[in-house]
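Visitor: Coordinates in final32.tsv, TSV, C-alpha atoms, are listed below.
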```tsv
chain	number	residue	atom	x	y	z
A	1	MET	CA	92.19	74.22	60.14
A	2	SER	CA	90.81	73.89	63.64
A	3	GLN	CA	92.99	76.74	64.93
A	4	SER	CA	91.98	78.96	61.99
A	5	ARG	CA	88.30	78.21	62.63
A	6	GLY	CA	88.70	78.97	66.34
A	7	LYS	CA	90.33	82.32	65.61
A	8	TYR	CA	87.57	83.16	63.12
A	9	ASP	CA	84.92	82.39	65.75
A	10	PHE	CA	86.85	84.47	68.28
A	11	TYR	CA	86.66	87.61	66.13
A	12	ILE	CA	82.99	87.02	65.29
A	13	GLY	CA	82.27	86.87	69.02
A	14	LEU	CA	84.32	90.03	69.57
A	15	VAL	CA	82.36	92.05	66.97
A	16	LEU	CA	79.04	90.78	68.30
A	17	ALA	CA	80.01	91.66	71.87
A	18	MET	CA	80.98	95.23	70.87
A	19	SER	CA	77.75	95.80	68.94
A	20	SER	CA	75.83	94.40	71.89
A	21	SER	CA	77.36	97.01	74.18
A	22	ILE	CA	76.27	99.83	71.88
A	23	PHE	CA	72.65	98.65	71.82
A	24	ILE	CA	72.52	98.00	75.56
A	25	GLY	CA	74.17	101.30	76.45
A	26	GLY	CA	71.58	103.15	74.38
A	27	SER	CA	68.75	101.16	75.91
A	28	PHE	CA	69.49	102.55	79.38
A	29	ILE	CA	68.93	106.07	78.07
A	30	LEU	CA	65.69	105.27	76.26
A	31	LYS	CA	64.23	103.43	79.24
A	32	LYS	CA	65.25	106.19	81.64
A	33	LYS	CA	63.63	108.82	79.39
A	34	GLY	CA	60.43	106.77	79.36
A	35	LEU	CA	60.44	106.45	83.16
A	36	LEU	CA	61.02	110.19	83.56
A	37	ARG	CA	58.06	110.96	81.30
A	38	LEU	CA	55.86	108.71	83.40
A	39	ALA	CA	57.04	110.44	86.57
A	40	LYS	CA	55.99	113.81	85.11
A	41	LYS	CA	52.53	112.41	84.37
A	42	GLY	CA	52.15	111.31	87.99
A	43	SER	CA	51.96	107.58	87.26
A	44	MET	CA	53.02	105.07	89.90
A	45	ARG	CA	56.76	104.70	89.57
A	46	ALA	CA	58.52	101.43	88.84
A	47	GLY	CA	60.50	101.82	92.05
A	48	GLN	CA	57.20	101.67	93.95
A	49	GLY	CA	56.08	98.52	92.15
A	50	GLY	CA	54.11	100.23	89.36
A	51	HIS	CA	54.00	98.90	85.79
A	52	ALA	CA	52.78	102.00	83.92
A	53	TYR	CA	56.00	101.92	81.88
A	54	LEU	CA	54.41	99.14	79.82
A	55	LYS	CA	52.28	101.86	78.15
A	56	GLU	CA	55.23	104.14	77.36
A	57	TRP	CA	56.66	103.80	73.83
A	58	LEU	CA	60.08	105.13	74.82
A	59	TRP	CA	60.42	102.37	77.38
A	60	TRP	CA	59.51	99.82	74.72
A	61	ALA	CA	62.08	101.36	72.37
A	62	GLY	CA	64.65	100.92	75.11
A	63	LEU	CA	63.51	97.35	75.64
A	64	LEU	CA	63.82	96.61	71.92
A	65	SER	CA	67.29	98.15	71.90
A	66	MET	CA	68.24	96.02	74.89
A	67	GLY	CA	66.70	93.01	73.15
A	68	ALA	CA	68.86	93.63	70.07
A	69	GLY	CA	71.88	93.96	72.32
A	70	GLU	CA	71.04	90.77	74.17
A	71	VAL	CA	70.56	88.89	70.90
A	72	ALA	CA	74.01	90.04	69.77
A	73	ASN	CA	75.34	89.15	73.20
A	74	PHE	CA	73.59	85.77	72.98
A	75	ALA	CA	75.29	85.07	69.66
A	76	ALA	CA	78.66	86.28	70.99
A	77	TYR	CA	78.60	83.66	73.74
A	78	ALA	CA	78.13	80.98	71.09
A	79	PHE	CA	81.37	82.00	69.37
A	80	ALA	CA	83.66	83.34	72.13
A	81	PRO	CA	84.44	82.56	75.78
A	82	ALA	CA	82.45	84.24	78.53
A	83	THR	CA	85.75	85.57	79.89
A	84	LEU	CA	85.97	87.75	76.77
A	85	VAL	CA	82.33	88.60	76.08
A	86	THR	CA	81.22	89.70	79.55
A	87	PRO	CA	83.97	92.26	80.36
A	88	LEU	CA	83.32	94.02	77.06
A	89	GLY	CA	80.09	95.18	78.65
A	90	ALA	CA	82.25	98.10	79.83
A	91	LEU	CA	81.61	99.63	76.43
A	92	SER	CA	77.92	99.87	77.32
A	93	VAL	CA	78.97	101.94	80.36
A	94	LEU	CA	80.88	104.26	78.05
A	95	VAL	CA	77.96	104.59	75.62
A	96	SER	CA	75.49	105.15	78.46
A	97	ALA	CA	77.67	107.81	80.13
A	98	ILE	CA	78.17	109.77	76.92
A	99	LEU	CA	74.52	109.62	75.85
A	100	SER	CA	73.25	110.49	79.34
A	101	SER	CA	75.33	113.68	79.28
A	102	TYR	CA	73.54	114.72	76.07
A	103	PHE	CA	69.99	113.46	76.56
A	104	LEU	CA	69.53	113.30	80.36
A	105	ASN	CA	71.57	116.37	81.33
A	106	GLU	CA	73.81	114.23	83.52
A	107	LYS	CA	77.19	115.95	83.36
A	108	LEU	CA	80.32	114.06	82.30
A	109	ASN	CA	83.30	115.87	83.82
A	110	LEU	CA	87.03	115.33	83.35
A	111	HIS	CA	87.11	112.44	85.82
A	112	GLY	CA	84.32	110.73	83.90
A	113	LYS	CA	86.12	111.13	80.58
A	114	ILE	CA	89.30	109.67	82.06
A	115	GLY	CA	87.19	106.84	83.48
A	116	CYS	CA	85.74	106.13	80.02
A	117	LEU	CA	89.25	106.03	78.56
A	118	LEU	CA	90.46	103.64	81.26
A	119	SER	CA	87.44	101.40	80.63
A	120	ILE	CA	88.35	101.16	76.95
A	121	LEU	CA	92.01	100.47	77.73
A	122	GLY	CA	91.08	97.80	80.27
A	123	SER	CA	88.74	96.15	77.78
A	124	THR	CA	91.51	96.12	75.17
A	125	VAL	CA	93.90	94.42	77.60
A	126	MET	CA	91.28	91.79	78.42
A	127	VAL	CA	90.65	91.11	74.72
A	128	ILE	CA	94.37	90.58	74.15
A	129	HIS	CA	94.73	88.13	77.03
A	130	ALA	CA	91.36	86.36	76.84
A	131	PRO	CA	91.30	82.60	76.09
A	132	GLN	CA	90.67	81.90	72.40
A	133	GLU	CA	89.56	78.29	72.75
A	134	GLU	CA	86.11	77.00	73.55
A	135	GLU	CA	85.89	74.52	76.38
A	136	VAL	CA	82.35	73.27	75.63
A	137	GLU	CA	81.40	72.28	72.09
A	138	THR	CA	78.32	70.05	72.47
A	139	LEU	CA	75.13	70.02	74.51
A	140	GLN	CA	76.19	66.75	76.09
A	141	GLU	CA	79.38	68.37	77.38
A	142	MET	CA	77.31	71.28	78.69
A	143	SER	CA	75.10	68.83	80.56
A	144	GLN	CA	78.15	67.35	82.25
A	145	LYS	CA	79.42	70.80	83.20
A	146	LEU	CA	76.08	71.79	84.75
A	147	GLY	CA	76.07	68.62	86.82
A	148	ASP	CA	79.49	69.34	88.30
A	149	PRO	CA	79.24	69.51	92.15
A	150	GLY	CA	81.07	72.85	92.24
A	151	PHE	CA	78.54	74.50	89.93
A	152	VAL	CA	75.59	72.91	91.70
A	153	VAL	CA	76.76	74.44	95.01
A	154	PHE	CA	77.35	77.81	93.31
A	155	ALA	CA	73.91	77.85	91.67
A	156	THR	CA	72.23	76.87	94.96
A	157	LEU	CA	73.95	79.71	96.80
A	158	VAL	CA	72.95	82.18	94.07
A	159	ILE	CA	69.29	81.17	94.31
A	160	ILE	CA	69.27	81.38	98.13
A	161	VAL	CA	70.95	84.80	98.16
A	162	SER	CA	68.56	86.08	95.48
A	163	LEU	CA	65.47	84.93	97.39
A	164	ILE	CA	66.72	86.57	100.59
A	165	LEU	CA	67.38	89.85	98.77
A	166	ILE	CA	64.02	89.79	96.98
A	167	PHE	CA	61.75	88.88	99.90
A	168	VAL	CA	63.64	90.10	102.99
A	169	VAL	CA	66.18	92.82	102.19
A	170	GLY	CA	64.48	94.40	99.15
A	171	PRO	CA	61.23	95.56	100.80
A	172	ARG	CA	63.18	97.16	103.66
A	173	HIS	CA	66.21	98.73	102.00
A	174	GLY	CA	65.61	98.63	98.24
A	175	GLN	CA	64.40	102.25	98.09
A	176	THR	CA	67.47	103.66	99.84
A	177	ASN	CA	70.37	101.31	99.09
A	178	ILE	CA	71.41	101.08	95.44
A	179	LEU	CA	73.26	97.80	95.97
A	180	VAL	CA	70.13	95.77	96.79
A	181	TYR	CA	68.42	95.75	93.39
A	182	ILE	CA	71.72	95.74	91.49
A	183	THR	CA	72.96	92.72	93.43
A	184	ILE	CA	69.77	90.84	92.54
A	185	CYS	CA	70.28	91.61	88.85
A	186	SER	CA	73.96	90.66	88.99
A	187	VAL	CA	73.79	87.29	90.73
A	188	ILE	CA	70.79	86.21	88.66
A	189	GLY	CA	72.69	87.43	85.60
A	190	ALA	CA	75.43	84.90	86.26
A	191	LEU	CA	72.89	82.10	85.82
A	192	SER	CA	71.34	83.74	82.76
A	193	VAL	CA	74.76	83.83	81.07
A	194	SER	CA	75.14	80.11	81.72
A	195	CYS	CA	71.74	79.51	80.11
A	196	VAL	CA	72.66	81.71	77.15
A	197	LYS	CA	75.92	79.85	76.67
A	198	GLY	CA	74.13	76.50	76.69
A	199	LEU	CA	71.41	77.66	74.29
A	200	GLY	CA	74.04	79.09	71.96
A	201	ILE	CA	75.68	75.68	71.78
A	202	ALA	CA	72.27	74.07	71.23
A	203	ILE	CA	71.51	76.40	68.31
A	204	LYS	CA	74.86	75.66	66.69
A	205	GLU	CA	74.12	71.94	66.99
A	206	LEU	CA	70.61	72.50	65.60
A	207	PHE	CA	72.04	74.10	62.47
A	208	ALA	CA	74.43	71.16	62.23
A	209	GLY	CA	71.40	68.84	61.97
A	210	LYS	CA	71.53	67.31	65.44
A	211	PRO	CA	68.23	66.54	67.30
A	212	VAL	CA	68.76	69.03	70.11
A	213	LEU	CA	65.01	69.75	70.46
A	214	LYS	CA	64.57	66.27	71.91
A	215	HIS	CA	67.19	66.96	74.55
A	216	PRO	CA	65.46	68.07	77.81
A	217	LEU	CA	68.40	70.33	78.69
A	218	SER	CA	67.50	72.67	75.80
A	219	TRP	CA	64.07	73.38	77.27
A	220	ILE	CA	65.41	73.63	80.82
A	221	LEU	CA	67.94	76.23	79.68
A	222	LEU	CA	65.25	78.17	77.78
A	223	LEU	CA	62.93	78.23	80.80
A	224	GLY	CA	65.78	79.24	83.09
A	225	LEU	CA	66.75	82.06	80.73
A	226	ILE	CA	63.19	83.44	80.65
A	227	VAL	CA	62.92	83.44	84.45
A	228	CYS	CA	66.36	85.01	84.94
A	229	VAL	CA	65.92	87.73	82.32
A	230	SER	CA	62.44	88.63	83.60
A	231	THR	CA	63.83	89.05	87.11
A	232	GLN	CA	66.74	91.14	85.86
A	233	ILE	CA	64.49	93.46	83.86
A	234	ASN	CA	62.14	93.97	86.80
A	235	TYR	CA	64.79	94.92	89.35
A	236	LEU	CA	66.95	96.85	86.90
A	237	ASN	CA	63.89	99.01	86.12
A	238	ARG	CA	63.47	99.69	89.84
A	239	ALA	CA	67.11	100.67	90.22
A	240	LEU	CA	66.99	102.98	87.19
A	241	ASP	CA	63.80	104.62	88.40
A	242	ILE	CA	65.12	105.41	91.88
A	243	PHE	CA	68.81	106.14	91.31
A	244	ASN	CA	70.93	108.09	88.83
A	245	THR	CA	71.69	106.30	85.55
A	246	SER	CA	75.38	107.25	85.68
A	247	ILE	CA	75.62	105.43	89.03
A	248	VAL	CA	73.43	102.40	88.25
A	249	THR	CA	75.18	101.50	85.00
A	250	PRO	CA	78.80	101.27	86.23
A	251	ILE	CA	77.97	99.56	89.53
A	252	TYR	CA	75.80	97.05	87.69
A	253	TYR	CA	78.66	96.37	85.30
A	254	VAL	CA	81.17	95.67	88.08
A	255	PHE	CA	78.81	93.41	90.04
A	256	PHE	CA	77.50	91.61	86.96
A	257	THR	CA	80.94	91.03	85.44
A	258	THR	CA	82.36	89.76	88.72
A	259	SER	CA	79.45	87.32	89.05
A	260	VAL	CA	79.83	86.06	85.49
A	261	LEU	CA	83.61	85.65	85.74
A	262	THR	CA	83.12	83.68	88.94
A	263	CYS	CA	80.47	81.52	87.30
A	264	SER	CA	82.64	81.02	84.22
A	265	ALA	CA	85.61	79.97	86.35
A	266	ILE	CA	83.46	77.39	88.14
A	267	LEU	CA	81.42	76.11	85.19
A	268	PHE	CA	83.71	76.26	82.14
A	269	LYS	CA	87.08	76.26	83.93
A	270	GLU	CA	88.57	78.42	81.18
A	271	TRP	CA	91.21	79.72	83.58
A	272	GLN	CA	92.85	76.30	83.83
A	273	HIS	CA	93.99	76.50	80.20
A	274	MET	CA	95.35	80.07	80.36
A	275	ALA	CA	99.03	80.93	80.76
A	276	ALA	CA	100.10	82.86	83.85
A	277	ASP	CA	100.73	86.08	81.91
A	278	ASP	CA	97.25	85.86	80.34
A	279	ILE	CA	95.63	85.40	83.74
A	280	ILE	CA	97.54	88.40	85.13
A	281	GLY	CA	96.68	90.43	82.04
A	282	THR	CA	92.99	89.55	82.31
A	283	PHE	CA	92.82	90.53	85.97
A	284	SER	CA	94.82	93.71	85.32
A	285	GLY	CA	92.46	94.70	82.52
A	286	PHE	CA	89.44	94.02	84.71
A	287	LEU	CA	90.88	96.08	87.60
A	288	THR	CA	91.66	98.90	85.16
A	289	ILE	CA	88.03	98.86	84.06
A	290	ILE	CA	86.87	98.98	87.67
A	291	VAL	CA	89.11	102.00	88.38
A	292	GLY	CA	87.77	103.70	85.26
A	293	ILE	CA	84.19	103.04	86.27
A	294	PHE	CA	84.92	104.32	89.78
A	295	LEU	CA	86.21	107.60	88.32
A	296	LEU	CA	83.19	107.72	86.05
A	297	HIS	CA	80.65	107.85	88.87
A	298	ALA	CA	82.46	108.69	92.13
A	299	PHE	CA	83.24	112.28	91.08
A	300	LYS	CA	80.20	112.88	88.89
A	301	ASP	CA	79.07	115.86	91.01
A	302	VAL	CA	82.48	117.56	90.90
A	303	SER	CA	82.53	120.34	88.30
A	304	PHE	CA	86.06	119.94	86.96
A	305	THR	CA	87.21	120.35	83.33
A	306	LEU	CA	90.44	120.94	81.44
A	307	ALA	CA	89.77	124.68	81.67
A	308	ASN	CA	90.23	124.47	85.45
A	309	LEU	CA	93.72	122.98	85.21
A	310	PRO	CA	95.67	126.25	84.52
A	311	VAL	CA	94.00	127.95	87.51
A	312	SER	CA	94.84	125.00	89.77
A	313	LEU	CA	98.44	124.93	88.56
A	314	ARG	CA	98.87	128.67	89.12
A	315	LYS	CA	97.50	128.35	92.64
A	316	ASP	CA	99.91	125.51	93.42
A	317	GLU	CA	102.87	127.43	91.94
A	318	ARG	CA	102.16	130.57	93.94
A	319	ALA	CA	101.69	128.57	97.11
A	320	VAL	CA	105.16	127.07	96.62
A	321	ASN	CA	106.69	130.52	96.05
A	322	GLY	CA	105.13	131.91	99.23
A	323	THR	CA	102.81	134.33	97.44
A	324	LEU	CA	99.52	132.64	98.38
A	325	PRO	CA	97.84	135.97	99.38
A	326	ASN	CA	98.01	137.07	95.72
A	327	THR	CA	95.89	134.06	94.82
A	328	TYR	CA	93.25	135.17	97.29
A	329	GLU	CA	93.31	138.65	95.82
A	330	ARG	CA	92.33	137.31	92.41
A	331	PHE	CA	89.02	136.01	93.73
A	332	ASN	CA	88.18	138.90	96.06
A	333	HIS	CA	85.87	141.76	95.28
A	334	ASP	CA	87.56	144.60	93.36
A	335	GLU	CA	87.34	146.94	96.33
A	336	GLU	CA	88.84	144.33	98.69
A	337	SER	CA	91.60	143.61	96.18
A	338	SER	CA	92.63	147.26	95.93
A	339	THR	CA	92.71	147.48	99.71
A	340	CYS	CA	94.97	144.45	99.91
A	341	VAL	CA	97.33	145.88	97.24
A	342	SER	CA	97.70	149.13	99.15
A	343	GLU	CA	98.43	147.20	102.31
A	344	ILE	CA	101.10	145.09	100.63
A	345	GLN	CA	103.06	148.26	99.84
A	346	SER	CA	103.65	148.70	103.57
A	347	SER	CA	106.24	146.29	105.00
A	348	GLU	CA	105.45	146.89	108.67
A	349	ASN	CA	102.11	145.02	109.01
A	350	VAL	CA	102.65	141.76	107.12
A	351	SER	CA	101.17	139.57	109.84
A	352	SER	CA	98.05	141.67	110.34
A	353	ARG	CA	97.47	141.92	106.62
A	354	ARG	CA	97.55	138.17	106.17
A	355	ASN	CA	95.11	137.67	109.00
A	356	GLY	CA	92.84	140.29	107.46
A	357	ASN	CA	92.82	138.50	104.12
A	358	VAL	CA	92.00	135.15	105.72
A	359	SER	CA	89.20	136.60	107.78
A	360	ALA	CA	87.73	138.18	104.67
A	361	PHE	CA	87.00	134.68	103.50
```
I need this file expressed as C-alpha cells, please.

Guide:
Amino acid sequence: MSQSRGKYDFYIGLVLAMSSSIFIGGSFILKKKGLLRLAKKGSMRAGQGGHAYLKEWLWWAGLLSMGAGEVANFAAYAFAPATLVTPLGALSVLVSAILSSYFLNEKLNLHGKIGCLLSILGSTVMVIHAPQEEEVETLQEMSQKLGDPGFVVFATLVIIVSLILIFVVGPRHGQTNILVYITICSVIGALSVSCVKGLGIAIKELFAGKPVLKHPLSWILLLGLIVCVSTQINYLNRALDIFNTSIVTPIYYVFFTTSVLTCSAILFKEWQHMAADDIIGTFSGFLTIIVGIFLLHAFKDVSFTLANLPVSLRKDERAVNGTLPNTYERFNHDEESSTCVSEIQSSENVSSRRNGNVSAF
C-alpha cells in the first residue's frame, strides 16, 4: 500500500511539474512583451532600476502566469523529489523558445529545434531514473535536515555569495555580463526550493490535522520564501530587460537546476538511496539537457534550416570530386558565370582560371 501510494504521489508531482513549466515558459514572453512596451514609451527600464513595469498589465499577466506555474511547482515538490521536479524546468525553456519565435520575432533555427528535442529527451531520461521515494515526510524531519552542519555551511555560502554579487559585482558588471543577475537568481533559488519543499510538507501535515501553525519553522520557511522569491523576481526582471530572452531562459535553467540539485544532494541526500545506474542516468539526462540548451542559444544568430542542407551536401560532394569551381559558378553573377564556362572549355589555362575565380570573390 505504501509503495502504491508513493508511486501515485510520484505521478501527481510529475504532472504538476510539467504544467508548471508551461505556465512559467509563457510568463517569460508576457513579461518581456510588457517590458518592451515600456521601453517604447520611454519609461525608465527595469535594468536601470526602474519599476514602471508595475503599471503595465502585460507584465502583471506574466506575473500571474508565473505565479500559477510556481503554485503548481510548489505542489509538485510536496509530492515528488526535487531531483525530479527541478530538471523538468527544461520544458519551460522549450515553451519559451517556441513562443518567443512567434511573439517576439526571435528566430528559432535548426540548431534551436534540435536543442529543444534534446531537452525533452534529457528530461525523459531524468524522469525514468529519478528517485521515487520521499526522504522527508514530516516537519520535524525537515527541521533536523535544515540543522545539518553540511546544509548550514551551504546556506551560509549562498547568502555570502549573493550579497557580494548584489552589492559589489552587480552595480559594476550587471549591465554588461549576463551571468551576474542570473547567478543571483539561481543561488537564491536553491534556498527558495528548500523553503517550498518544507512548506509543502507543512501543508500536507495541516490537512492531516496536525498543529503545524504552532511550529516556528513554518513561519520561518514562509518568510524565507517571500524574501527569496522577491529577490529572484527583481533580478530576473533586470536580466530579461537587458538581454535576449532566448539567452536568459536557458542559462537561467542550467544555473538554477545545478544549484537546486546541489542543494538537494546536501539537504535531502536523495542520491544516497539511488542505484548506480539511476545516478548515471540522471546525470546523463541532465548533461543532455545542457547540450540541448547550448544548441538552443549558442547558434541563435545562425540562419540555418533544413532547406539549407541539400545545398551544403552538394557543395561537400563537389569539393570531394574536385569540381569546387562549379560550386562558385552557381553563386556568381550570370555574366561572370558565362565567362567562367567559356574559360573551362580551354584546357591550357586551368591554373589561371582558378585564380581568376577565387579573386572574383

Visitor: Of the residues A:Thr288, A:Gln140, A:Thr86, A:Ser96, which is the one nearest to Ile201 (chain A), using only C-alpha atoms?

Guide: A:Gln140

Visitor: Could you tell me how far CA of Val169 (chain A) sits from CA of Leu36 (chain A), in Å to one decimal place?

Guide: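 If I compute the distance from CA of Leu36 (chain A) to CA of Val169 (chain A), I get 26.0 Å.
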
Visitor: When distances are computed from all atoms listed in the file, which of A:Leu121, A:Leu110, A:Ile178, A:Ala202 shows the smallest separation from Leu139 (chain A)?

Guide: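 Result for the nearest residue to Leu139 (chain A): A:Ala202.
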
Visitor: Using only C-alpha atoms, pick whichever of A:Asn234, A:Ser123, A:Ser143, A:Ser65 has the shortest atom-to-atom distance to Ile290 (chain A).

Guide: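 Of all the options, A:Ser123 lies closest to Ile290 (chain A).
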
Visitor: Could you name the residues that touch region 148-154 of chain A at 10 Å or less, counting all atoms listed in the file, but leaving out those on the same chain fewer than 6 positions away, as a PyMOL selection string?

Guide: chain A and resi 191+262-268

Visitor: Given only C-alpha atoms, how would the per-residue table for region 107-196 of chain A near region 247-250 of chain A read, listing every residue at most 12 Å away with its closest atom pair and distance in Å to one decimal, sorted by chain and number, as CSV?

Guide:
```
residue,atom,partner,partner_atom,distance
A:Leu108,CA,A:Ile247,CA,11.9
A:Gly112,CA,A:Pro250,CA,11.2
A:Gly115,CA,A:Pro250,CA,10.4
A:Cys116,CA,A:Pro250,CA,10.5
A:Ser119,CA,A:Pro250,CA,10.3
A:Asn177,CA,A:Val248,CA,11.3
A:Ile178,CA,A:Val248,CA,7.6
A:Leu179,CA,A:Val248,CA,9.0
A:Val180,CA,A:Val248,CA,11.3
A:Tyr181,CA,A:Val248,CA,9.8
A:Ile182,CA,A:Val248,CA,7.6
A:Thr183,CA,A:Val248,CA,11.0
A:Cys185,CA,A:Val248,CA,11.3
A:Ser186,CA,A:Thr249,CA,11.6
```

Visitor: Report, in Å to a single decimal, how far apart CA of Trp57 (chain A) and CA of Ser19 (chain A) are.

Guide: 23.1 Å

Visitor: Out of A:Val291, A:Leu64, A:Ile12, A:Leu88, which residue has the shortest atom-to-atom distance to Val127 (chain A) when counting only C-alpha atoms?

Guide: A:Leu88

Visitor: Return the single residue from A:Ile188, A:Val95, A:Leu30, A:Ala78 that is closest to Glu205 (chain A), with distances computed using only C-alpha atoms.

Guide: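 Distance minimum relative to Glu205 (chain A) lands on A:Ala78.
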
Visitor: Would you please work out which residue, of A:Cys195, A:Glu137, A:Ile293, A:Arg238, is nearest to Leu217 (chain A) when using all atoms listed in the file?

Guide: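 Ranking A:Cys195, A:Glu137, A:Ile293, A:Arg238 by distance to Leu217 (chain A), first place goes to A:Cys195.
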
Visitor: Could you please determine the separation between CA of Gly147 (chain A) and CA of Ile203 (chain A) in Å, to one decimal place?

Guide: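 CA of Ile203 (chain A) lies 20.6 Å from CA of Gly147 (chain A).
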
Visitor: Give, as AutoDock Vina command-line options, the centre coordinates and the x, y and z edge lengths in Å to one decimal for an axis-aligned box around all listed atoms of region 241-247 of chain A, padded by 3 Å on each side.

Guide:
```
--center_x 69.7 --center_y 106.4 --center_z 88.7 --size_x 17.8 --size_y 9.5 --size_z 12.3
```

Visitor: Can you find the residues with an atom no farther than 10 Å from (67.7, 86.7, 96.7), counting all atoms listed in the file, and report them as a PDB file with C-alpha atoms, keeping the file's coordinate frame?

Guide:
```
ATOM      1  CA  LEU A 157      73.950  79.710  96.800  1.00  0.00           C
ATOM      2  CA  VAL A 158      72.950  82.180  94.070  1.00  0.00           C
ATOM      3  CA  ILE A 159      69.290  81.170  94.310  1.00  0.00           C
ATOM      4  CA  ILE A 160      69.270  81.380  98.130  1.00  0.00           C
ATOM      5  CA  VAL A 161      70.950  84.800  98.160  1.00  0.00           C
ATOM      6  CA  SER A 162      68.560  86.080  95.480  1.00  0.00           C
ATOM      7  CA  LEU A 163      65.470  84.930  97.390  1.00  0.00           C
ATOM      8  CA  ILE A 164      66.720  86.570 100.590  1.00  0.00           C
ATOM      9  CA  LEU A 165      67.380  89.850  98.770  1.00  0.00           C
ATOM     10  CA  ILE A 166      64.020  89.790  96.980  1.00  0.00           C
ATOM     11  CA  PHE A 167      61.750  88.880  99.900  1.00  0.00           C
ATOM     12  CA  VAL A 168      63.640  90.100 102.990  1.00  0.00           C
ATOM     13  CA  VAL A 169      66.180  92.820 102.190  1.00  0.00           C
ATOM     14  CA  GLY A 170      64.480  94.400  99.150  1.00  0.00           C
ATOM     15  CA  VAL A 180      70.130  95.770  96.790  1.00  0.00           C
ATOM     16  CA  TYR A 181      68.420  95.750  93.390  1.00  0.00           C
ATOM     17  CA  THR A 183      72.960  92.720  93.430  1.00  0.00           C
ATOM     18  CA  ILE A 184      69.770  90.840  92.540  1.00  0.00           C
ATOM     19  CA  CYS A 185      70.280  91.610  88.850  1.00  0.00           C
ATOM     20  CA  VAL A 187      73.790  87.290  90.730  1.00  0.00           C
ATOM     21  CA  ILE A 188      70.790  86.210  88.660  1.00  0.00           C
TER      22      ILE A 188
END
```
